[in-house]
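Structure data follow from protein_30.cif (mmCIF, C-alpha atoms and all ligand atoms):
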```cif
data_run
loop_
_atom_site.label_atom_id
_atom_site.label_comp_id
_atom_site.auth_asym_id
_atom_site.auth_seq_id
_atom_site.Cartn_x
_atom_site.Cartn_y
_atom_site.Cartn_z
CA MET F 6 74.12 27.80 20.86
CA GLN F 7 73.49 27.65 24.59
CA LEU F 8 73.49 24.94 27.23
CA VAL F 9 70.61 25.57 29.59
CA LEU F 10 70.60 24.01 33.05
CA ASP F 11 67.09 24.04 34.42
CA LYS F 12 66.64 23.32 38.13
CA ILE F 13 68.96 20.31 38.23
CA GLU F 14 68.77 18.28 41.44
CA LYS F 15 70.89 15.41 42.64
CA LYS F 16 71.21 13.76 46.00
CA PHE F 17 73.11 10.76 47.30
CA ASN F 18 71.12 9.06 50.03
CA GLU F 19 69.99 12.01 52.12
CA LYS F 20 72.78 14.33 50.98
CA GLN F 21 71.53 17.02 48.61
CA VAL F 22 74.54 17.74 46.39
CA LEU F 23 72.86 19.75 43.61
CA GLN F 24 69.86 21.88 44.36
CA ASP F 25 67.98 23.90 41.78
CA VAL F 26 71.09 24.32 39.61
CA GLU F 27 70.26 26.91 36.95
CA HIS F 28 72.55 28.50 34.42
CA ARG F 29 73.06 29.33 30.75
CA PHE F 30 76.39 28.59 29.09
CA GLU F 31 77.07 30.07 25.65
CA LYS F 32 79.19 28.92 22.77
CA GLY F 33 82.24 31.13 22.29
CA LYS F 34 83.15 31.39 25.95
CA ILE F 35 85.33 29.36 28.27
CA TYR F 36 83.66 28.82 31.62
CA GLY F 37 85.52 27.96 34.79
CA LEU F 38 83.67 25.98 37.44
CA LEU F 39 84.95 26.57 40.94
CA GLY F 40 83.92 24.95 44.19
CA ARG F 41 85.41 23.41 47.31
CA ASN F 42 86.28 19.70 47.52
CA GLY F 43 83.03 17.81 47.59
CA ALA F 44 80.96 20.78 46.38
CA GLY F 45 79.51 18.66 43.55
CA LYS F 46 81.45 19.69 40.44
CA THR F 47 82.08 16.13 39.26
CA THR F 48 78.50 15.21 40.15
CA LEU F 49 77.24 18.04 37.95
CA PHE F 50 79.48 16.94 35.06
CA ASN F 51 78.34 13.33 35.51
CA CYS F 52 74.71 14.43 35.38
CA LEU F 53 75.33 16.42 32.17
CA SER F 54 77.26 13.61 30.49
CA GLY F 55 74.50 11.13 31.30
CA GLU F 56 76.68 9.04 33.60
CA LEU F 57 74.43 9.87 36.52
CA LYS F 58 70.68 10.24 36.41
CA MET F 59 69.41 13.58 37.71
CA ASP F 60 66.78 13.44 40.43
CA GLY F 61 65.06 16.50 39.02
CA GLY F 62 65.40 19.24 36.43
CA GLN F 63 66.85 19.01 32.95
CA ALA F 64 69.71 20.05 30.69
CA LEU F 65 68.77 21.53 27.32
CA LEU F 66 70.61 22.59 24.21
CA GLU F 67 69.30 25.72 22.52
CA THR F 68 70.35 26.32 18.90
CA ASP F 69 68.91 29.18 16.81
CA GLY F 70 65.85 29.39 19.04
CA VAL F 71 65.18 25.64 18.91
CA THR F 72 65.47 23.86 22.24
CA ARG F 73 65.95 20.15 22.74
CA GLU F 74 67.08 17.85 25.50
CA LEU F 75 70.86 17.45 25.88
CA ARG F 76 71.87 13.97 24.68
CA GLU F 77 74.78 11.83 25.79
CA GLN F 78 76.50 12.21 22.40
CA ASP F 79 76.33 16.02 22.70
CA VAL F 80 78.82 15.93 25.54
CA GLY F 81 82.57 15.31 25.42
CA TYR F 82 83.95 14.65 28.86
CA VAL F 83 87.68 14.98 29.52
CA TYR F 84 88.28 13.09 32.76
CA SER F 85 91.01 14.07 35.16
CA LEU F 86 92.15 10.42 35.00
CA PRO F 87 91.35 9.24 31.47
CA ILE F 88 90.64 5.59 30.79
CA LEU F 89 92.27 4.61 27.50
CA PRO F 90 93.29 1.31 25.86
CA GLU F 91 96.83 1.05 27.18
CA PHE F 92 97.79 -1.82 24.85
CA LEU F 93 97.48 0.38 21.72
CA THR F 94 99.71 3.16 20.51
CA GLY F 95 98.16 6.61 20.39
CA TYR F 96 98.19 6.40 16.60
CA GLU F 97 96.47 2.99 16.51
CA PHE F 98 93.81 4.19 18.91
CA VAL F 99 93.06 7.36 16.93
CA LYS F 100 92.93 5.34 13.72
CA PHE F 101 90.46 2.91 15.34
CA PHE F 102 88.39 5.80 16.71
CA ILE F 103 88.26 7.48 13.28
CA ASP F 104 87.23 4.19 11.62
CA ILE F 105 84.33 3.71 14.03
CA ASN F 106 83.15 7.27 13.58
CA ARG F 107 83.42 7.06 9.78
CA ARG F 108 81.13 4.05 9.93
CA ARG F 109 78.71 6.15 11.94
CA ASN F 110 78.86 8.76 9.14
CA VAL F 111 80.67 11.34 11.26
CA PRO F 112 82.47 13.63 8.78
CA ILE F 113 86.22 13.38 9.43
CA ASP F 114 87.89 16.70 8.60
CA TYR F 115 91.59 15.88 8.90
CA SER F 116 94.12 13.04 8.61
CA ILE F 117 95.35 11.15 11.70
CA ASP F 118 98.66 13.02 11.63
CA GLN F 119 96.94 16.37 11.25
CA TYR F 120 94.94 15.68 14.43
CA PHE F 121 98.17 14.83 16.27
CA ASP F 122 99.75 18.01 14.90
CA MET F 123 96.82 20.03 16.26
CA MET F 124 97.52 18.55 19.70
CA SER F 125 101.27 19.23 19.31
CA MET F 126 102.04 15.55 19.90
CA ALA F 127 105.45 14.63 18.53
CA GLU F 128 105.95 11.91 15.92
CA GLU F 129 107.61 9.48 18.37
CA GLU F 130 104.83 10.00 20.96
CA ARG F 131 102.17 9.02 18.42
CA HIS F 132 103.71 5.59 17.92
CA ARG F 133 104.32 4.74 21.57
CA LEU F 134 102.03 2.52 23.63
CA ILE F 135 99.46 4.55 25.60
CA LYS F 136 100.59 2.55 28.64
CA GLY F 137 103.77 4.62 28.70
CA TYR F 138 102.02 7.99 28.30
CA SER F 139 102.20 10.54 31.06
CA HIS F 140 98.97 11.75 32.67
CA GLY F 141 99.13 14.97 30.62
CA MET F 142 99.63 13.08 27.35
CA LYS F 143 96.60 10.92 28.12
CA ASN F 144 94.56 14.08 28.65
CA LYS F 145 95.80 15.44 25.33
CA LEU F 146 94.82 12.22 23.56
CA GLN F 147 91.37 12.40 25.08
CA MET F 148 90.96 15.97 23.88
CA LEU F 149 92.09 14.93 20.41
CA LEU F 150 89.06 12.60 20.23
CA PHE F 151 86.76 15.60 20.61
CA LEU F 152 88.44 17.36 17.70
CA ILE F 153 87.21 14.36 15.69
CA THR F 154 83.65 14.01 17.00
CA LYS F 155 83.09 17.73 17.72
CA PRO F 156 80.48 17.42 20.49
CA PRO F 157 78.78 20.80 21.12
CA VAL F 158 79.48 20.66 24.85
CA ILE F 159 82.92 19.83 26.26
CA LEU F 160 83.39 19.31 29.98
CA LEU F 161 86.90 19.17 31.39
CA ASP F 162 87.38 17.91 34.92
CA GLU F 163 90.56 19.57 36.24
CA PRO F 164 92.24 19.10 32.89
CA LEU F 165 95.25 21.35 33.06
CA THR F 166 96.62 20.44 36.46
CA SER F 167 98.69 17.57 35.09
CA PHE F 168 100.32 19.59 32.30
CA ASP F 169 103.74 21.14 32.50
CA VAL F 170 104.00 24.86 31.72
CA ILE F 171 104.66 24.37 28.02
CA VAL F 172 101.83 21.88 27.47
CA ALA F 173 99.48 23.99 29.61
CA LEU F 174 100.23 26.92 27.31
CA GLU F 175 99.50 24.79 24.22
CA MET F 176 96.28 23.56 25.80
CA LYS F 177 95.17 27.08 26.64
CA LYS F 178 95.76 28.05 23.01
CA LEU F 179 93.79 25.04 21.82
CA LEU F 180 90.89 25.71 24.19
CA ARG F 181 90.76 29.32 23.02
CA GLU F 182 90.50 28.07 19.43
CA MET F 183 87.93 25.42 20.33
CA LYS F 184 85.60 27.85 22.08
CA ARG F 185 84.46 29.22 18.71
CA ASP F 186 82.56 25.98 18.02
CA HIS F 187 81.92 24.53 21.46
CA ILE F 188 80.53 25.29 24.88
CA LEU F 189 83.55 24.71 27.12
CA ILE F 190 83.28 24.27 30.87
CA PHE F 191 86.21 23.24 33.00
CA SER F 192 86.51 22.68 36.69
CA THR F 193 89.64 23.76 38.46
CA HIS F 194 91.06 24.58 41.85
CA ILE F 195 93.72 26.84 40.37
CA LEU F 196 92.45 30.40 40.64
CA GLN F 197 95.28 31.82 38.56
CA LEU F 198 94.36 29.50 35.70
CA ALA F 199 90.70 30.36 36.05
CA SER F 200 91.27 34.10 35.84
CA ASP F 201 93.79 33.71 33.04
CA LEU F 202 91.84 31.38 30.76
CA CYS F 203 88.14 31.87 31.50
CA ASP F 204 85.74 34.33 30.01
CA GLU F 205 83.33 33.63 32.84
CA LEU F 206 83.47 31.95 36.20
CA VAL F 207 80.71 30.08 37.95
CA ILE F 208 80.83 28.95 41.54
CA LEU F 209 79.14 25.86 42.89
CA ASN F 210 78.26 26.72 46.43
CA ARG F 211 75.70 25.02 48.70
CA GLY F 212 74.43 23.01 45.75
CA ARG F 213 73.72 26.07 43.61
CA LEU F 214 75.54 27.78 40.75
CA SER F 215 76.24 31.49 40.74
CA SER F 216 78.21 33.71 38.36
CA VAL F 217 81.21 35.77 39.31
CA SER F 218 80.96 39.25 37.82
CA PRO F 219 83.34 39.78 34.88
CA GLU F 220 84.72 42.90 36.60
CA LEU F 221 85.77 40.82 39.61
CA LEU F 222 87.41 38.24 37.35
CA ARG F 223 89.85 40.88 36.09
CA SER F 224 90.29 42.80 39.33
CA PRO F 225 93.28 42.60 41.73
CA GLU F 226 90.89 41.50 44.51
CA PHE F 227 89.81 38.47 42.49
CA GLU F 228 91.63 35.74 44.40
CA GLN F 229 90.80 37.11 47.83
CA SER F 230 87.10 37.56 46.95
CA ILE F 231 86.80 34.00 45.65
CA ILE F 232 88.50 32.63 48.75
CA GLU F 233 86.06 34.56 50.93
CA LEU F 234 83.10 33.27 48.91
CA LEU F 235 84.26 29.65 49.10
CA LYS F 236 85.23 29.90 52.81
CA ASP F 237 81.65 30.74 53.49
CA GLU F 238 80.57 27.27 52.39
CA SER F 239 80.19 25.29 55.58
CA HIS F 240 78.66 22.02 54.42
CA VAL F 241 81.45 20.76 52.21
CA GLU F 242 84.02 18.15 53.10
CA GLY F 243 86.94 19.26 55.22
CA SER F 244 85.26 22.42 56.53
N1 LIG D 301 78.35 7.83 43.92
C1 LIG D 301 78.26 8.52 45.05
N2 LIG D 301 77.62 8.01 46.14
C2 LIG D 301 77.51 8.71 47.27
N3 LIG D 301 78.01 9.96 47.44
C3 LIG D 301 78.66 10.51 46.41
C4 LIG D 301 78.82 9.83 45.16
N4 LIG D 301 79.51 10.63 44.30
C5 LIG D 301 79.76 11.78 44.99
N5 LIG D 301 79.25 11.70 46.25
C6 LIG D 301 79.30 12.76 47.25
O1 LIG D 301 78.77 13.95 46.67
C7 LIG D 301 79.51 15.10 47.09
C8 LIG D 301 80.02 15.82 45.86
O2 LIG D 301 81.10 15.09 45.28
P1 LIG D 301 81.82 15.52 43.94
O3 LIG D 301 82.84 14.49 43.64
O4 LIG D 301 80.81 15.83 42.90
O5 LIG D 301 82.54 16.87 44.41
P2 LIG D 301 83.65 17.75 43.65
O6 LIG D 301 83.20 19.17 43.75
O7 LIG D 301 83.92 17.21 42.29
O8 LIG D 301 84.91 17.51 44.59
P3 LIG D 301 86.50 17.58 44.27
O9 LIG D 301 86.85 19.01 44.02
O10 LIG D 301 87.11 17.08 45.54
O11 LIG D 301 86.78 16.67 43.11
C9 LIG D 301 80.58 14.59 48.03
O12 LIG D 301 80.10 14.70 49.34
C10 LIG D 301 80.73 13.14 47.64
O13 LIG D 301 81.18 12.38 48.73
#
```

Same coordinates, now as structure tokens:
Amino acid sequence: MQLVLDKIEKKFNEKQVLQDVEHRFEKGKIYGLLGRNGAGKTTLFNCLSGELKMDGGQALLETDGVTRELREQDVGYVYSLPILPEFLTGYEFVKFFIDINRRRNVPIDYSIDQYFDMMSMAEEERHRLIKGYSHGMKNKLQMLLFLITKPPVILLDEPLTSFDVIVALEMKKLLREMKRDHILIFSTHILQLASDLCDELVILNRGRLSSVSPELLRSPEFEQSIIELLKDESHVEGS
């Protein structure tokens, strides 16, 4: 399975944020998306998730040689600041989410507690109001929903920045397991995390996407080379 971005364009007023964005993302790999503040990472994710309409181009899903347009339900989007029903407990919310999906004939593979176990969420956390959850726990809960619905494409907008070292480690493990069945793309500003977790890195620079060579990803010059590449971008905010 591959996600194919074909000449995606997006502008806000006169500002061209995405220009001829082309790339192929494969199942089985974790992709890191790097770019300066304001480079357009969130805009690209919003275009793929259907939250924003593209001005041009298309996103396609290719499975066993059959290509079709990417649909909203194909994409799971883990927001950096998740919006969840704060008046429910995590358990109540997951139960509700499973009930809705069962009615939509989505096959549910595990019990509610098994899903929480997979996310390493402790018993007492499950039965607390979401209102009292930390930022990282809210991110975990959002990711749990995608274990249920299994969208082929999962986009994570700076997901691991709010996790402490232990949770970040658990999340890395989970993402590595999830990549077998999903196309995973996450945006981050943390170069160490990108080189540690990603199989491939793509850089959004001047509205276009380019790949970082796998050799560079593993080399000692990695951080310095990426900084040089990103420094070069003159049109972004703050430069
Ligand atoms: N709804 C909007 N209306 C007008 N301009 C917008 C809108 N959304 C984003 N932009 C502009 O588009 C550009 C790209 O923003 P975007 O949030 O996609 O960048 P980003 O790479 O995710 O940045 P960051 O790393 O800071 O989160 C910025 O100049 C931003 O101000």

Using all atoms listed in the file, which residues sit within 6 Å of range 180-185 of chain F once same-chain residues fewer than 2 positions away are excluded, as JSON, numbers by chain?
{"F": [33, 34, 177, 178, 187]}

Just to confirm, what's the straight-line distance from CA of Asn106 in chain F to CA of Gln147 in chain F in Å (one decimal)?
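Between CA of Asn106 in chain F and CA of Gln147 in chain F the gap works out to 15.0 Å.
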
Find the residues near ligand LIG 301 (chain D). Use a cut-off of 7 Å, count all atoms listed in the file, and write them as number ranges by chain.
F: 17-18, 22, 40-49, 241-242

CA of Gly37 in chain F and CA of Glu226 in chain F, how far apart in Å?
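That distance, rounded to one decimal, is 17.5 Å.
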
Any chance you could work out the axis-aligned box around range 97-112 of chain F, listed atoms only, 8 Å on each side, giving centre and edge lengths in Å to one decimal, as JSON?
```
{"center_x": 87.6, "center_y": 8.3, "center_z": 13.8, "size_x": 33.8, "size_y": 26.7, "size_z": 26.1}
```

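Proximity of F:Phe191, F:Phe151, F:Phe121, F:Phe101 to Val207 in chain F, computed with only C-alpha atoms, is greatest for F:Phe191.
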
Measuring atom to atom with only C-alpha atoms, identify which of F:Lys136, F:Arg107, F:Lys32, F:Arg211 is nearest to Thr68 in chain F.
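For Thr68 in chain F, the nearest of the candidates is F:Lys32.
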
Gap from CA of Ile231 in chain F to CA of Glu205 in chain F - Å, one decimal
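That distance, rounded to one decimal, is 13.3 Å.
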
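Restricting the calculation to all atoms listed in the file, the smallest distance between Leu214 in chain F and any of F:Phe30, F:Tyr96, F:Tyr115, F:Phe227 is found for F:Phe30.
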
Looking at only C-alpha atoms, which of F:Gly95, F:Met123, F:Tyr36, F:Met59 is the one that sits closest to Ala199 in chain F?
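Of F:Gly95, F:Met123, F:Tyr36, F:Met59, the one nearest Ala199 in chain F is F:Tyr36, counting only C-alpha atoms.
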
Leu66 in chain F: which residues within 12 Å, counting only C-alpha atoms, same-chain residues fewer than 3 positions away excluded, as a ChimeraX atom specification?
/F:6-11,28-32,53,63,69-77,79-80,156-158,187-188

Keeping C-alpha atoms, write range 68-150 of chain F of the structure just shown out as a PDB file, in the first residue's frame.
```pdb
ATOM      1  CA  THR F  68      -3.204  -0.947  -3.013  1.00  0.00           C
ATOM      2  CA  ASP F  69      -2.057  -3.985  -5.025  1.00  0.00           C
ATOM      3  CA  GLY F  70      -1.828  -1.917  -8.195  1.00  0.00           C
ATOM      4  CA  VAL F  71      -5.296  -0.398  -7.751  1.00  0.00           C
ATOM      5  CA  THR F  72      -5.338   3.352  -7.245  1.00  0.00           C
ATOM      6  CA  ARG F  73      -8.171   5.366  -5.772  1.00  0.00           C
ATOM      7  CA  GLU F  74      -8.647   8.784  -4.262  1.00  0.00           C
ATOM      8  CA  LEU F  75      -7.722   9.111  -0.570  1.00  0.00           C
ATOM      9  CA  ARG F  76     -10.915   9.474   1.483  1.00  0.00           C
ATOM     10  CA  GLU F  77     -11.428  11.239   4.778  1.00  0.00           C
ATOM     11  CA  GLN F  78     -12.034   7.935   6.595  1.00  0.00           C
ATOM     12  CA  ASP F  79      -8.682   6.585   5.324  1.00  0.00           C
ATOM     13  CA  VAL F  80      -6.836   9.067   7.488  1.00  0.00           C
ATOM     14  CA  GLY F  81      -6.313   9.047  11.250  1.00  0.00           C
ATOM     15  CA  TYR F  82      -5.025  12.366  12.477  1.00  0.00           C
ATOM     16  CA  VAL F  83      -3.370  12.639  15.885  1.00  0.00           C
ATOM     17  CA  TYR F  84      -3.449  16.338  16.730  1.00  0.00           C
ATOM     18  CA  SER F  85      -0.793  17.952  18.852  1.00  0.00           C
ATOM     19  CA  LEU F  86      -3.651  19.316  20.995  1.00  0.00           C
ATOM     20  CA  PRO F  87      -6.392  16.673  20.865  1.00  0.00           C
ATOM     21  CA  ILE F  88     -10.021  17.648  21.285  1.00  0.00           C
ATOM     22  CA  LEU F  89     -11.770  15.020  23.393  1.00  0.00           C
ATOM     23  CA  PRO F  90     -14.990  14.902  25.449  1.00  0.00           C
ATOM     24  CA  GLU F  91     -13.613  16.034  28.794  1.00  0.00           C
ATOM     25  CA  PHE F  92     -16.776  15.109  30.721  1.00  0.00           C
ATOM     26  CA  LEU F  93     -16.304  11.360  30.060  1.00  0.00           C
ATOM     27  CA  THR F  94     -13.779   8.964  31.501  1.00  0.00           C
ATOM     28  CA  GLY F  95     -11.321   7.462  29.045  1.00  0.00           C
ATOM     29  CA  TYR F  96     -13.093   4.123  29.450  1.00  0.00           C
ATOM     30  CA  GLU F  97     -16.560   5.586  28.790  1.00  0.00           C
ATOM     31  CA  PHE F  98     -15.302   7.372  25.707  1.00  0.00           C
ATOM     32  CA  VAL F  99     -13.633   4.266  24.250  1.00  0.00           C
ATOM     33  CA  LYS F 100     -16.764   2.239  24.967  1.00  0.00           C
ATOM     34  CA  PHE F 101     -18.882   4.853  23.173  1.00  0.00           C
ATOM     35  CA  PHE F 102     -16.433   4.957  20.253  1.00  0.00           C
ATOM     36  CA  ILE F 103     -16.475   1.154  19.935  1.00  0.00           C
ATOM     37  CA  ASP F 104     -20.304   1.107  20.036  1.00  0.00           C
ATOM     38  CA  ILE F 105     -20.556   3.630  17.203  1.00  0.00           C
ATOM     39  CA  ASN F 106     -18.031   1.761  15.089  1.00  0.00           C
ATOM     40  CA  ARG F 107     -19.737  -1.595  15.733  1.00  0.00           C
ATOM     41  CA  ARG F 108     -22.935  -0.061  14.390  1.00  0.00           C
ATOM     42  CA  ARG F 109     -20.987   0.973  11.309  1.00  0.00           C
ATOM     43  CA  ASN F 110     -19.889  -2.669  10.944  1.00  0.00           C
ATOM     44  CA  VAL F 111     -16.248  -1.953  11.753  1.00  0.00           C
ATOM     45  CA  PRO F 112     -14.803  -5.255  13.029  1.00  0.00           C
ATOM     46  CA  ILE F 113     -13.641  -4.752  16.623  1.00  0.00           C
ATOM     47  CA  ASP F 114     -10.652  -7.000  17.341  1.00  0.00           C
ATOM     48  CA  TYR F 115     -10.147  -6.549  21.086  1.00  0.00           C
ATOM     49  CA  SER F 116     -11.956  -5.726  24.333  1.00  0.00           C
ATOM     50  CA  ILE F 117     -11.914  -2.192  25.791  1.00  0.00           C
ATOM     51  CA  ASP F 118      -9.370  -3.209  28.417  1.00  0.00           C
ATOM     52  CA  GLN F 119      -7.158  -4.905  25.857  1.00  0.00           C
ATOM     53  CA  TYR F 120      -6.997  -1.643  23.875  1.00  0.00           C
ATOM     54  CA  PHE F 121      -6.012   0.228  27.046  1.00  0.00           C
ATOM     55  CA  ASP F 122      -3.393  -2.448  27.763  1.00  0.00           C
ATOM     56  CA  MET F 123      -1.949  -1.937  24.277  1.00  0.00           C
ATOM     57  CA  MET F 124      -1.556   1.763  25.076  1.00  0.00           C
ATOM     58  CA  SER F 125      -0.034   0.940  28.500  1.00  0.00           C
ATOM     59  CA  MET F 126      -2.720   3.012  30.234  1.00  0.00           C
ATOM     60  CA  ALA F 127      -3.082   1.994  33.871  1.00  0.00           C
ATOM     61  CA  GLU F 128      -6.373   0.786  35.343  1.00  0.00           C
ATOM     62  CA  GLU F 129      -6.934   3.947  37.414  1.00  0.00           C
ATOM     63  CA  GLU F 130      -6.212   6.203  34.394  1.00  0.00           C
ATOM     64  CA  ARG F 131      -8.904   4.459  32.349  1.00  0.00           C
ATOM     65  CA  HIS F 132     -11.612   5.399  34.838  1.00  0.00           C
ATOM     66  CA  ARG F 133     -10.622   9.026  35.364  1.00  0.00           C
ATOM     67  CA  LEU F 134     -12.324  11.947  33.630  1.00  0.00           C
ATOM     68  CA  ILE F 135     -10.510  12.978  30.435  1.00  0.00           C
ATOM     69  CA  LYS F 136     -10.611  16.520  31.832  1.00  0.00           C
ATOM     70  CA  GLY F 137      -7.872  15.539  34.271  1.00  0.00           C
ATOM     71  CA  TYR F 138      -5.670  13.820  31.672  1.00  0.00           C
ATOM     72  CA  SER F 139      -2.263  15.212  30.881  1.00  0.00           C
ATOM     73  CA  HIS F 140      -1.496  16.310  27.325  1.00  0.00           C
ATOM     74  CA  GLY F 141       0.450  13.080  26.730  1.00  0.00           C
ATOM     75  CA  MET F 142      -2.400  10.910  28.011  1.00  0.00           C
ATOM     76  CA  LYS F 143      -4.823  12.673  25.675  1.00  0.00           C
ATOM     77  CA  ASN F 144      -2.484  11.896  22.781  1.00  0.00           C
ATOM     78  CA  LYS F 145      -2.362   8.260  23.857  1.00  0.00           C
ATOM     79  CA  LEU F 146      -6.149   8.089  23.991  1.00  0.00           C
ATOM     80  CA  GLN F 147      -6.366   9.552  20.511  1.00  0.00           C
ATOM     81  CA  MET F 148      -3.938   6.960  19.210  1.00  0.00           C
ATOM     82  CA  LEU F 149      -5.959   4.215  20.866  1.00  0.00           C
ATOM     83  CA  LEU F 150      -8.918   5.201  18.654  1.00  0.00           C
TER      84      LEU F 150
END
```
